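Dropping coords_24.txt in here (compact mmCIF, C-alpha atoms):
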# COMPACT_ATOMS: atom_id res chain seq x y z
CA MET V 74 88.83 84.24 104.48
CA ILE V 75 90.11 87.78 104.06
CA LYS V 76 92.63 86.67 101.52
CA LEU V 77 94.11 90.01 100.62
CA PHE V 78 95.12 90.67 104.18
CA LEU V 79 97.09 87.46 104.46
CA SER V 80 99.54 88.69 101.86
CA GLN V 81 102.49 90.04 103.80
CA THR V 82 104.93 90.00 100.92
CA GLY V 83 104.40 93.61 100.00
CA GLU V 84 102.88 96.79 101.26
CA HIS V 85 100.55 97.31 98.31
CA LEU V 86 97.58 94.99 98.60
CA HIS V 87 95.34 95.96 95.72
CA THR V 88 94.41 98.61 93.20
CA PHE V 89 90.70 98.90 92.52
CA THR V 90 89.87 100.42 89.15
CA GLY V 91 86.49 101.49 87.85
CA HIS V 92 85.76 105.07 88.79
CA ASP V 93 85.56 107.38 85.80
CA ASN V 94 86.39 110.56 87.71
CA TRP V 95 88.16 111.75 90.88
CA VAL V 96 87.78 109.67 94.01
CA ARG V 97 86.69 111.99 96.82
CA SER V 98 85.86 109.96 99.88
CA LEU V 99 86.65 106.52 101.31
CA SER V 100 85.48 104.32 104.15
CA ILE V 101 86.54 100.85 105.31
CA HIS V 102 83.81 98.63 106.70
CA SER V 103 84.32 97.68 110.32
CA ASN V 104 84.26 93.97 109.49
CA ASN V 105 87.10 94.58 107.09
CA LYS V 106 85.31 93.03 104.14
CA TYR V 107 84.36 96.10 102.14
CA LEU V 108 85.84 99.38 101.08
CA TYR V 109 83.42 102.14 100.08
CA SER V 110 84.35 104.98 97.77
CA SER V 111 82.57 107.96 96.33
CA SER V 112 83.59 109.81 93.23
CA ASP V 113 82.93 112.73 90.99
CA ASP V 114 81.57 110.13 88.56
CA LYS V 115 78.39 110.33 90.73
CA THR V 116 78.69 106.74 91.95
CA ILE V 117 79.35 105.01 95.24
CA ARG V 118 81.24 101.77 94.76
CA ILE V 119 81.65 98.87 97.13
CA TRP V 120 84.90 96.96 96.78
CA ASP V 121 85.13 93.40 98.02
CA LEU V 122 88.41 93.09 99.90
CA THR V 123 88.24 89.30 100.02
CA PHE V 124 88.09 88.83 96.29
CA GLY V 125 89.76 92.07 95.29
CA LYS V 126 87.06 93.30 92.95
CA GLU V 127 84.13 95.65 92.63
CA LYS V 128 81.08 94.23 94.35
CA LYS V 129 78.53 96.90 93.54
CA LYS V 130 78.25 100.18 91.68
CA VAL V 131 75.51 102.56 92.77
CA ASP V 132 74.43 105.52 90.68
CA ALA V 133 73.99 107.57 93.79
CA HIS V 134 73.64 111.23 92.95
CA GLU V 135 72.94 113.46 89.99
CA HIS V 136 76.15 115.40 90.49
CA PHE V 137 79.49 115.18 92.29
CA ILE V 138 79.44 113.46 95.68
CA ALA V 139 81.24 115.62 98.21
CA VAL V 140 81.06 113.34 101.22
CA VAL V 141 80.29 109.77 102.25
CA LYS V 142 80.08 108.86 105.92
CA PHE V 143 79.87 105.29 107.04
CA ASN V 144 78.32 104.39 110.39
CA PRO V 145 80.02 101.11 111.30
CA LYS V 146 77.66 100.35 114.16
CA TYR V 147 74.55 100.29 112.00
CA GLY V 148 75.89 99.52 108.55
CA VAL V 149 74.37 102.57 106.93
CA ILE V 150 75.96 105.17 104.74
CA GLY V 151 75.07 108.81 104.32
CA SER V 152 76.03 110.69 101.20
CA GLY V 153 75.69 114.23 99.98
CA GLY V 154 77.01 116.52 97.34
CA ASN V 155 76.20 119.23 94.93
CA ASP V 156 72.82 117.89 93.84
CA LEU V 157 71.57 119.40 97.15
CA THR V 158 70.27 116.11 98.54
CA VAL V 159 71.36 113.96 101.47
CA LYS V 160 70.87 110.24 100.93
CA LEU V 161 70.84 107.31 103.28
CA TRP V 162 71.96 103.88 102.12
CA HIS V 163 71.98 100.36 103.39
CA LEU V 164 74.73 98.87 101.28
CA LYS V 165 75.91 95.33 101.79
CA MET L 217 61.19 102.11 116.06
CA ILE L 218 63.87 102.92 113.51
CA LYS L 219 61.56 102.20 110.66
CA LEU L 220 63.80 103.07 107.77
CA PHE L 221 66.36 100.55 108.80
CA LEU L 222 63.90 97.70 108.78
CA SER L 223 63.45 98.07 105.07
CA GLN L 224 65.69 95.48 103.49
CA THR L 225 64.03 95.50 100.11
CA GLY L 226 66.47 97.90 98.57
CA GLU L 227 69.78 99.54 99.11
CA HIS L 228 68.49 103.07 98.95
CA LEU L 229 66.74 103.99 102.15
CA HIS L 230 65.87 107.62 101.76
CA THR L 231 66.57 110.87 99.98
CA PHE L 232 66.37 113.97 102.17
CA THR L 233 65.68 117.15 100.27
CA GLY L 234 65.77 120.71 101.54
CA HIS L 235 69.24 122.15 101.22
CA ASP L 236 69.44 125.03 98.76
CA ASN L 237 73.13 124.67 98.02
CA TRP L 238 75.93 122.08 98.09
CA VAL L 239 76.02 119.61 100.96
CA ARG L 240 79.52 119.70 102.44
CA SER L 241 79.61 117.61 105.57
CA LEU L 242 77.59 114.78 107.16
CA SER L 243 77.40 112.98 110.46
CA ILE L 244 75.23 110.12 111.71
CA HIS L 245 74.18 110.26 115.36
CA SER L 246 75.46 107.37 117.43
CA ASN L 247 71.97 106.36 118.44
CA ASN L 248 71.11 106.06 114.77
CA LYS L 249 68.13 108.37 114.98
CA TYR L 250 69.51 111.51 113.33
CA LEU L 251 71.60 112.47 110.37
CA TYR L 252 73.27 115.90 110.50
CA SER L 253 74.29 117.81 107.41
CA SER L 254 75.89 121.14 106.70
CA SER L 255 75.66 123.03 103.49
CA ASP L 256 76.76 126.04 101.54
CA ASP L 257 73.22 127.31 102.16
CA LYS L 258 74.60 128.30 105.62
CA THR L 259 72.37 125.88 107.49
CA ILE L 260 72.83 122.75 109.55
CA ARG L 261 69.90 120.37 109.19
CA ILE L 262 68.89 117.48 111.37
CA TRP L 263 67.16 114.66 109.56
CA ASP L 264 64.95 112.25 111.48
CA LEU L 265 65.80 108.75 110.29
CA THR L 266 62.76 107.19 111.94
CA PHE L 267 60.24 109.30 110.09
CA GLY L 268 62.36 110.13 107.07
CA LYS L 269 61.99 113.87 107.21
CA GLU L 270 63.70 117.07 108.25
CA LYS L 271 63.49 117.58 112.00
CA LYS L 272 65.18 120.94 112.32
CA LYS L 273 66.82 123.59 110.19
CA VAL L 274 69.37 125.83 111.88
CA ASP L 275 70.60 129.05 110.32
CA ALA L 276 74.06 128.39 111.61
CA HIS L 277 76.58 130.67 109.97
CA GLU L 278 76.72 133.84 107.93
CA HIS L 279 78.63 132.12 105.13
CA PHE L 280 79.49 128.68 103.83
CA ILE L 281 80.03 125.98 106.48
CA ALA L 282 83.26 124.16 105.77
CA VAL L 283 83.11 121.54 108.49
CA VAL L 284 80.76 119.97 111.03
CA LYS L 285 82.12 117.58 113.63
CA PHE L 286 79.82 115.57 115.80
CA ASN L 287 80.95 114.28 119.19
CA PRO L 288 78.79 111.20 119.75
CA LYS L 289 79.76 110.83 123.40
CA TYR L 290 78.46 114.23 124.44
CA GLY L 291 75.88 115.02 121.79
CA VAL L 292 77.46 118.30 120.78
CA ILE L 293 78.37 119.57 117.37
CA GLY L 294 81.09 121.97 116.36
CA SER L 295 80.88 123.91 113.14
CA GLY L 296 83.08 126.35 111.33
CA GLY L 297 83.47 127.96 107.98
CA ASN L 298 84.32 131.07 106.14
CA ASP L 299 82.56 133.49 108.48
CA LEU L 300 85.68 133.01 110.68
CA THR L 301 83.76 131.72 113.70
CA VAL L 302 83.67 128.35 115.42
CA LYS L 303 80.29 127.46 116.90
CA LEU L 304 79.23 124.87 119.39
CA TRP L 305 75.78 123.33 119.26
CA HIS L 306 73.62 121.09 121.33
CA LEU L 307 71.21 119.80 118.73
CA LYS L 308 68.58 117.23 119.57
CA MET F 97 82.10 121.86 135.68
CA ILE F 98 81.40 121.83 131.96
CA LYS F 99 79.14 124.79 132.25
CA LEU F 100 78.24 125.30 128.65
CA PHE F 101 76.78 121.84 128.39
CA LEU F 102 74.40 122.38 131.26
CA SER F 103 72.60 125.04 129.32
CA GLN F 104 69.58 123.34 127.83
CA THR F 105 67.64 126.47 127.10
CA GLY F 106 68.77 126.72 123.52
CA GLU F 107 70.45 124.77 120.82
CA HIS F 108 73.25 127.25 120.25
CA LEU F 109 75.82 126.97 123.02
CA HIS F 110 78.57 129.33 122.01
CA THR F 111 80.24 131.24 119.22
CA PHE F 112 84.01 131.38 119.42
CA THR F 113 85.55 134.31 117.61
CA GLY F 114 89.19 134.97 116.90
CA HIS F 115 90.25 133.37 113.65
CA ASP F 116 91.21 135.89 110.99
CA ASN F 117 90.51 133.63 108.03
CA TRP F 118 88.45 130.57 107.04
CA VAL F 119 88.07 127.79 109.57
CA ARG F 120 89.02 124.55 107.86
CA SER F 121 89.08 121.74 110.39
CA LEU F 122 87.63 120.99 113.84
CA SER F 123 88.04 118.43 116.55
CA ILE F 124 86.38 117.99 119.94
CA HIS F 125 88.56 116.63 122.74
CA SER F 126 87.37 113.30 124.12
CA ASN F 127 87.07 114.69 127.63
CA ASN F 128 84.74 117.33 126.23
CA LYS F 129 86.73 120.23 127.63
CA TYR F 130 88.37 121.57 124.50
CA LEU F 131 87.52 122.27 120.90
CA TYR F 132 90.40 122.49 118.45
CA SER F 133 90.23 124.42 115.20
CA SER F 134 92.59 125.11 112.36
CA SER F 135 92.31 127.96 109.95
CA ASP F 136 93.70 129.61 106.88
CA ASP F 137 95.05 132.22 109.31
CA LYS F 138 97.85 129.62 109.90
CA THR F 139 96.90 129.07 113.53
CA ILE F 140 95.50 126.21 115.58
CA ARG F 141 93.30 127.45 118.40
CA ILE F 142 92.15 125.66 121.50
CA TRP F 143 88.79 126.75 122.81
CA ASP F 144 87.90 126.13 126.42
CA LEU F 145 84.36 124.77 126.49
CA THR F 146 83.99 125.25 130.25
CA PHE F 147 84.64 128.96 130.21
CA GLY F 148 83.61 129.64 126.63
CA LYS F 149 86.76 131.38 125.50
CA GLU F 150 90.01 130.90 123.62
CA LYS F 151 92.54 129.06 125.73
CA LYS F 152 95.50 129.08 123.40
CA LYS F 153 96.50 130.32 119.96
CA VAL F 154 99.34 128.51 118.23
CA ASP F 155 101.10 129.94 115.19
CA ALA F 156 101.31 126.50 113.70
CA HIS F 157 102.27 126.68 110.05
CA GLU F 158 103.72 129.11 107.56
CA HIS F 159 100.74 128.73 105.23
CA PHE F 160 97.17 127.46 105.21
CA ILE F 161 96.47 124.41 107.37
CA ALA F 162 94.61 121.83 105.35
CA VAL F 163 94.02 119.23 108.02
CA VAL F 164 94.13 118.72 111.77
CA LYS F 165 93.66 115.25 113.21
CA PHE F 166 93.23 114.69 116.90
CA ASN F 167 94.11 111.37 118.49
CA PRO F 168 91.87 111.23 121.56
CA LYS F 169 93.66 108.25 123.07
CA TYR F 170 97.01 109.95 123.29
CA GLY F 171 96.14 113.62 123.35
CA VAL F 172 98.28 114.51 120.39
CA ILE F 173 97.40 116.44 117.29
CA GLY F 174 98.82 116.16 113.81
CA SER F 175 98.59 119.01 111.36
CA GLY F 176 99.59 119.58 107.79
CA GLY F 177 99.00 121.99 104.99
CA ASN F 178 100.53 123.77 102.11
CA ASP F 179 103.83 124.62 103.78
CA LEU F 180 104.71 120.96 102.97
CA THR F 181 105.34 119.97 106.58
CA VAL F 182 103.57 117.60 108.94
CA LYS F 183 103.63 118.67 112.56
CA LEU F 184 102.89 116.85 115.78
CA TRP F 185 101.54 118.69 118.78
CA HIS F 186 100.83 118.03 122.40
CA LEU F 187 98.26 120.69 123.14
CA LYS F 188 96.56 120.93 126.49
CA MET U 204 109.70 103.90 124.13
CA ILE U 205 107.55 106.61 122.54
CA LYS U 206 110.12 109.23 123.22
CA LEU U 207 108.49 112.20 121.60
CA PHE U 208 105.47 111.91 123.80
CA LEU U 209 107.50 112.05 126.99
CA SER U 210 108.60 115.56 126.18
CA GLN U 211 106.31 117.83 128.16
CA THR U 212 108.50 120.89 127.95
CA GLY U 213 106.67 122.37 125.01
CA GLU U 214 103.54 122.00 122.99
CA HIS U 215 105.29 121.46 119.67
CA LEU U 216 106.65 117.93 119.51
CA HIS U 217 108.06 117.63 116.03
CA THR U 218 108.06 118.93 112.49
CA PHE U 219 108.32 116.28 109.82
CA THR U 220 109.72 117.53 106.54
CA GLY U 221 109.90 115.71 103.23
CA HIS U 222 106.74 116.24 101.22
CA ASP U 223 107.31 118.21 98.02
CA ASN U 224 103.75 119.49 97.74
CA TRP U 225 100.66 120.21 99.84
CA VAL U 226 99.81 117.80 102.64
CA ARG U 227 96.17 116.79 102.23
CA SER U 228 95.32 114.08 104.70
CA LEU U 229 96.66 112.73 107.99
CA SER U 230 96.11 109.76 110.23
CA ILE U 231 97.67 108.73 113.55
CA HIS U 232 98.16 105.00 114.08
CA SER U 233 96.20 103.62 117.01
CA ASN U 234 99.35 102.34 118.69
CA ASN U 235 100.68 105.87 118.57
CA LYS U 236 103.89 104.88 116.83
CA TYR U 237 103.21 106.16 113.33
CA LEU U 238 101.74 109.17 111.63
CA TYR U 239 100.54 108.72 108.04
CA SER U 240 100.27 111.56 105.58
CA SER U 241 99.26 111.91 101.97
CA SER U 242 100.21 114.73 99.71
CA ASP U 243 99.85 116.27 96.31
CA ASP U 244 103.38 115.01 95.70
CA LYS U 245 101.64 111.65 95.01
CA THR U 246 103.21 109.92 97.98
CA ILE U 247 102.02 108.46 101.26
CA ARG U 248 104.64 108.83 103.99
CA ILE U 249 104.90 107.04 107.29
CA TRP U 250 106.51 109.04 110.06
CA ASP U 251 108.06 107.24 113.00
CA LEU U 252 106.93 109.08 116.13
CA THR U 253 109.46 107.32 118.35
CA PHE U 254 112.50 108.44 116.42
CA GLY U 255 111.00 111.57 114.86
CA LYS U 256 111.84 110.77 111.26
CA GLU U 257 110.40 109.45 108.03
CA LYS U 258 110.12 105.70 108.10
CA LYS U 259 108.84 105.03 104.61
CA LYS U 260 107.93 106.91 101.45
CA VAL U 261 105.47 105.23 99.11
CA ASP U 262 104.94 106.41 95.55
CA ALA U 263 101.26 105.71 95.86
CA HIS U 264 99.33 107.29 93.02
CA GLU U 265 99.93 108.80 89.63
CA HIS U 266 98.27 112.06 90.60
CA PHE U 267 97.19 114.00 93.68
CA ILE U 268 95.91 111.91 96.59
CA ALA U 269 92.61 113.32 97.80
CA VAL U 270 91.98 111.04 100.74
CA VAL U 271 93.70 108.52 102.99
CA LYS U 272 91.65 106.54 105.50
CA PHE U 273 93.31 104.41 108.12
CA ASN U 274 91.50 101.46 109.66
CA PRO U 275 93.11 101.13 113.09
CA LYS U 276 91.54 97.76 113.81
CA TYR U 277 93.08 96.03 110.83
CA GLY U 278 96.14 98.13 110.08
CA VAL U 279 95.19 98.80 106.49
CA ILE U 280 94.99 102.07 104.64
CA GLY U 281 92.78 103.03 101.74
CA SER U 282 93.76 105.84 99.41
CA GLY U 283 92.20 107.52 96.43
CA GLY U 284 92.56 110.58 94.36
CA ASN U 285 92.40 112.00 90.91
CA ASP U 286 94.07 109.09 89.14
CA LEU U 287 90.62 107.42 89.42
CA THR U 288 91.89 104.43 91.42
CA VAL U 289 91.25 103.26 94.96
CA LYS U 290 94.21 101.52 96.57
CA LEU U 291 94.52 99.33 99.62
CA TRP U 292 97.75 99.26 101.60
CA HIS U 293 99.23 97.29 104.41
CA LEU U 294 101.82 99.74 105.68
CA LYS U 295 103.92 98.98 108.72
Whole structure given in structure tokens:
Amino acid sequence: MIKLFLSQTGEHLHTFTGHDNWVRSLSIHSNNKYLYSSSDDKTIRIWDLTFGKEKKKVDAHEHFIAVVKFNPKYGVIGSGGNDLTVKLWHLK
Amino acid sequence: MIKLFLSQTGEHLHTFTGHDNWVRSLSIHSNNKYLYSSSDDKTIRIWDLTFGKEKKKVDAHEHFIAVVKFNPKYGVIGSGGNDLTVKLWHLK
Amino acid sequence: MIKLFLSQTGEHLHTFTGHDNWVRSLSIHSNNKYLYSSSDDKTIRIWDLTFGKEKKKVDAHEHFIAVVKFNPKYGVIGSGGNDLTVKLWHLK
Amino acid sequence: MIKLFLSQTGEHLHTFTGHDNWVRSLSIHSNNKYLYSSSDDKTIRIWDLTFGKEKKKVDAHEHFIAVVKFNPKYGVIGSGGNDLTVKLWHLK
């Protein structure tokens, strides 16, 4: 099911492209299906590790996102940055 | 009890406003009830996830707070920044 | 034994002073006895939470320390910064 | 087997040299055998803690690497930086 992880032929599994500015923060979902990233392009993106593509793009903040913290136990994400707000997300 | 998390109608659960400067660091309490944030406004804030509002504002440091680390097992928080001090907190 | 944590009278448990420059990174030991900090003063310091004072000061790197990561399972610390080296420590 | 960790004679276990620019991010493998580092020299390096030397050097990104996150459960690493990409690695 988690196709990418079955590839043992090389060390590099996948390159996910899409962000339009620096990538600042990353988190890997505890069920190993999603990779979350935040960027100076003001978006949080969810990358599907099974299919190796972008699953969702969220216009999350009005300015740079300094930090994204994933709580694996509850499946929620907190984000904050220089738009002065803290946001809580349920991304799946 | 944790009302916000029962909302499955959208991905965005809540925006917490209050910080007067960049948000630098975040942590989600292990019992899923609080979100902690530190900011260049020199405060640590505790956000109540059940009621979706600020629970406490702590004037924590004399200058920017570079890092906040939450120890979920013991419920303590360490903070440090450019006022040269390391502080230990029991926030609840 | 962990005296500081028995104090429930206030939210602020302790301020640890000693670093001569910005505090960049923090970690709380899993047994709750020590707090580790790294700083632009090139040192890693271990703070004794039981007695509320500095336990050890390590002149760790030749320049700023960008990151300190504590592995609670094995009691080792990795550090790195802008002196281009990665160092491994057994601090106790 | 994990030789470095048996040395109790001093607090400093090892200095790993090799990066040509600032070290930004570190992670210690959950089995305690490897230390991962990312650097502004655009590489991720895997340091063998048993033998105290560099095990692998990966030319990972085209520009500075801002963040490396290791998922200990699945043995994969995510990396991202200012070349706008997020990469997934299976490094061993």
### Task
Between V:Val159, V:Ile101, V:Ile119, V:Val149, single out the one closest to chain L, counting all atoms listed in the file.
V:Val159
Per-residue nearest contacts of chain V to chain L (7 Å; all atoms listed in the file) as a tab-separated table:
residue	atom	partner	partner_atom	distance
V:Ala139	CA	L:Arg240	CA	6.1
V:Val140	CA	L:Ser241	CA	6.3
V:Lys142	CA	L:Leu242	CA	6.5
V:Asn144	CA	L:Ile244	CA	6.6
V:Gly153	CA	L:Val239	CA	5.5
V:Gly154	CA	L:Val239	CA	4.9
V:Asn155	CA	L:Trp238	CA	4.3
V:Asp156	CA	L:Trp238	CA	6.7
V:Leu157	CA	L:Trp238	CA	5.2
V:Thr158	CA	L:Thr233	CA	5.0
V:Val159	CA	L:Phe232	CA	5.0
V:Lys160	CA	L:Thr231	CA	4.4
V:Leu161	CA	L:His230	CA	5.2
V:Trp162	CA	L:His228	CA	4.8
V:His163	CA	L:Glu227	CA	4.9
V:Leu164	CA	L:Glu227	CA	5.4
### Query
Within 8 Å of Lys260 (chain U), counting all atoms listed in the file, which residues qualify if same-chain residues fewer than 6 places away don't, as a PyMOL selection string?
chain U and resi 246-249
### Message
Can you measure CA of Phe273 (chain U) to CA of Tyr237 (chain U) for me? One decimal in Å is fine.
### Response
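A separation of 11.3 Å between them.
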### Query
At what distance in Å, to one decimal, does CA of Lys151 (chain F) lie from CA of Val164 (chain F)?
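Separating CA of Val164 (chain F) from CA of Lys151 (chain F) is a distance of 17.4 Å.
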### Summary
Between CA of Asp251 (chain U) and CA of Lys236 (chain U) lies a distance of 6.1 Å
Reconstructed region 230-240 of chain L, atom set all heavy atoms, as a CSV table (one decimal), in the frame of the given file:
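The result, written out as out.csv:
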chain,number,residue,atom,x,y,z
L,230,HIS,N,66.6,106.4,101.8
L,230,HIS,CA,65.9,107.6,101.8
L,230,HIS,C,66.7,108.7,101.1
L,230,HIS,O,67.9,108.7,101.2
L,230,HIS,CB,65.5,108.1,103.2
L,230,HIS,CG,64.2,108.9,103.2
L,230,HIS,ND1,63.0,108.3,103.1
L,230,HIS,CD2,64.1,110.2,103.4
L,230,HIS,CE1,62.1,109.3,103.2
L,230,HIS,NE2,62.7,110.4,103.3
L,231,THR,N,66.0,109.6,100.5
L,231,THR,CA,66.6,110.9,100.0
L,231,THR,C,66.0,112.0,100.8
L,231,THR,O,64.7,112.2,100.8
L,231,THR,CB,66.3,111.1,98.5
L,231,THR,OG1,66.9,110.0,97.8
L,231,THR,CG2,66.9,112.4,98.0
L,232,PHE,N,66.8,112.8,101.4
L,232,PHE,CA,66.4,114.0,102.2
L,232,PHE,C,66.6,115.2,101.3
L,232,PHE,O,67.8,115.5,101.0
L,232,PHE,CB,67.1,114.1,103.5
L,232,PHE,CG,67.0,112.9,104.4
L,232,PHE,CD1,67.9,111.9,104.4
L,232,PHE,CD2,65.8,112.7,105.2
L,232,PHE,CE1,67.8,110.7,105.2
L,232,PHE,CE2,65.7,111.6,106.0
L,232,PHE,CZ,66.6,110.6,106.0
L,233,THR,N,65.5,115.9,101.1
L,233,THR,CA,65.7,117.2,100.3
L,233,THR,C,65.4,118.4,101.1
L,233,THR,O,64.7,118.3,102.1
L,233,THR,CB,64.7,117.1,99.1
L,233,THR,OG1,63.4,117.0,99.6
L,233,THR,CG2,65.0,116.0,98.1
L,234,GLY,N,66.0,119.5,100.8
L,234,GLY,CA,65.8,120.7,101.5
L,234,GLY,C,66.9,121.7,101.4
L,234,GLY,O,66.6,122.9,101.3
L,235,HIS,N,68.1,121.2,101.4
L,235,HIS,CA,69.2,122.2,101.2
L,235,HIS,C,69.1,122.9,99.9
L,235,HIS,O,68.8,122.3,98.9
L,235,HIS,CB,70.6,121.4,101.3
L,235,HIS,CG,71.0,121.1,102.7
L,235,HIS,ND1,71.2,122.1,103.6
L,235,HIS,CD2,71.3,120.0,103.3
L,235,HIS,CE1,71.6,121.6,104.8
L,235,HIS,NE2,71.7,120.3,104.6
L,236,ASP,N,69.5,124.2,99.9
L,236,ASP,CA,69.4,125.0,98.8
L,236,ASP,C,70.8,125.2,98.1
L,236,ASP,O,70.9,126.0,97.2
L,236,ASP,CB,68.9,126.4,99.1
L,236,ASP,CG,67.5,126.4,99.7
L,236,ASP,OD1,66.8,125.5,99.2
L,236,ASP,OD2,67.2,127.2,100.6
L,237,ASN,N,71.8,124.5,98.6
L,237,ASN,CA,73.1,124.7,98.0
L,237,ASN,C,73.9,123.4,98.3
L,237,ASN,O,73.4,122.5,99.0
L,237,ASN,CB,73.8,125.9,98.6
L,237,ASN,CG,74.9,126.5,97.6
L,237,ASN,OD1,75.5,125.8,96.8
L,237,ASN,ND2,75.0,127.8,97.7
L,238,TRP,N,75.1,123.3,97.9
L,238,TRP,CA,75.9,122.1,98.1
L,238,TRP,C,75.9,121.6,99.5
L,238,TRP,O,76.0,122.4,100.5
L,238,TRP,CB,77.4,122.3,97.7
L,238,TRP,CG,77.6,122.6,96.3
L,238,TRP,CD1,76.8,123.1,95.4
L,238,TRP,CD2,78.8,122.3,95.6
L,238,TRP,NE1,77.4,123.2,94.1
L,238,TRP,CE2,78.6,122.7,94.2
L,238,TRP,CE3,80.0,121.7,95.9
L,238,TRP,CZ2,79.6,122.5,93.2
L,238,TRP,CZ3,81.0,121.5,94.9
L,238,TRP,CH2,80.8,121.9,93.6
L,239,VAL,N,75.8,120.3,99.7
L,239,VAL,CA,76.0,119.6,101.0
L,239,VAL,C,77.5,119.3,101.1
L,239,VAL,O,78.1,118.7,100.3
L,239,VAL,CB,75.2,118.3,101.0
L,239,VAL,CG1,75.5,117.6,102.3
L,239,VAL,CG2,73.7,118.6,100.9
L,240,ARG,N,78.1,119.8,102.3
L,240,ARG,CA,79.5,119.7,102.4
L,240,ARG,C,80.0,118.6,103.4
L,240,ARG,O,81.0,118.1,103.3
L,240,ARG,CB,80.1,121.0,102.9
L,240,ARG,CG,80.0,122.1,101.9
L,240,ARG,CD,81.2,122.1,101.0
L,240,ARG,NE,81.2,123.2,100.1
L,240,ARG,CZ,81.8,123.2,98.9
L,240,ARG,NH1,82.6,122.2,98.6
L,240,ARG,NH2,81.7,124.2,98.1
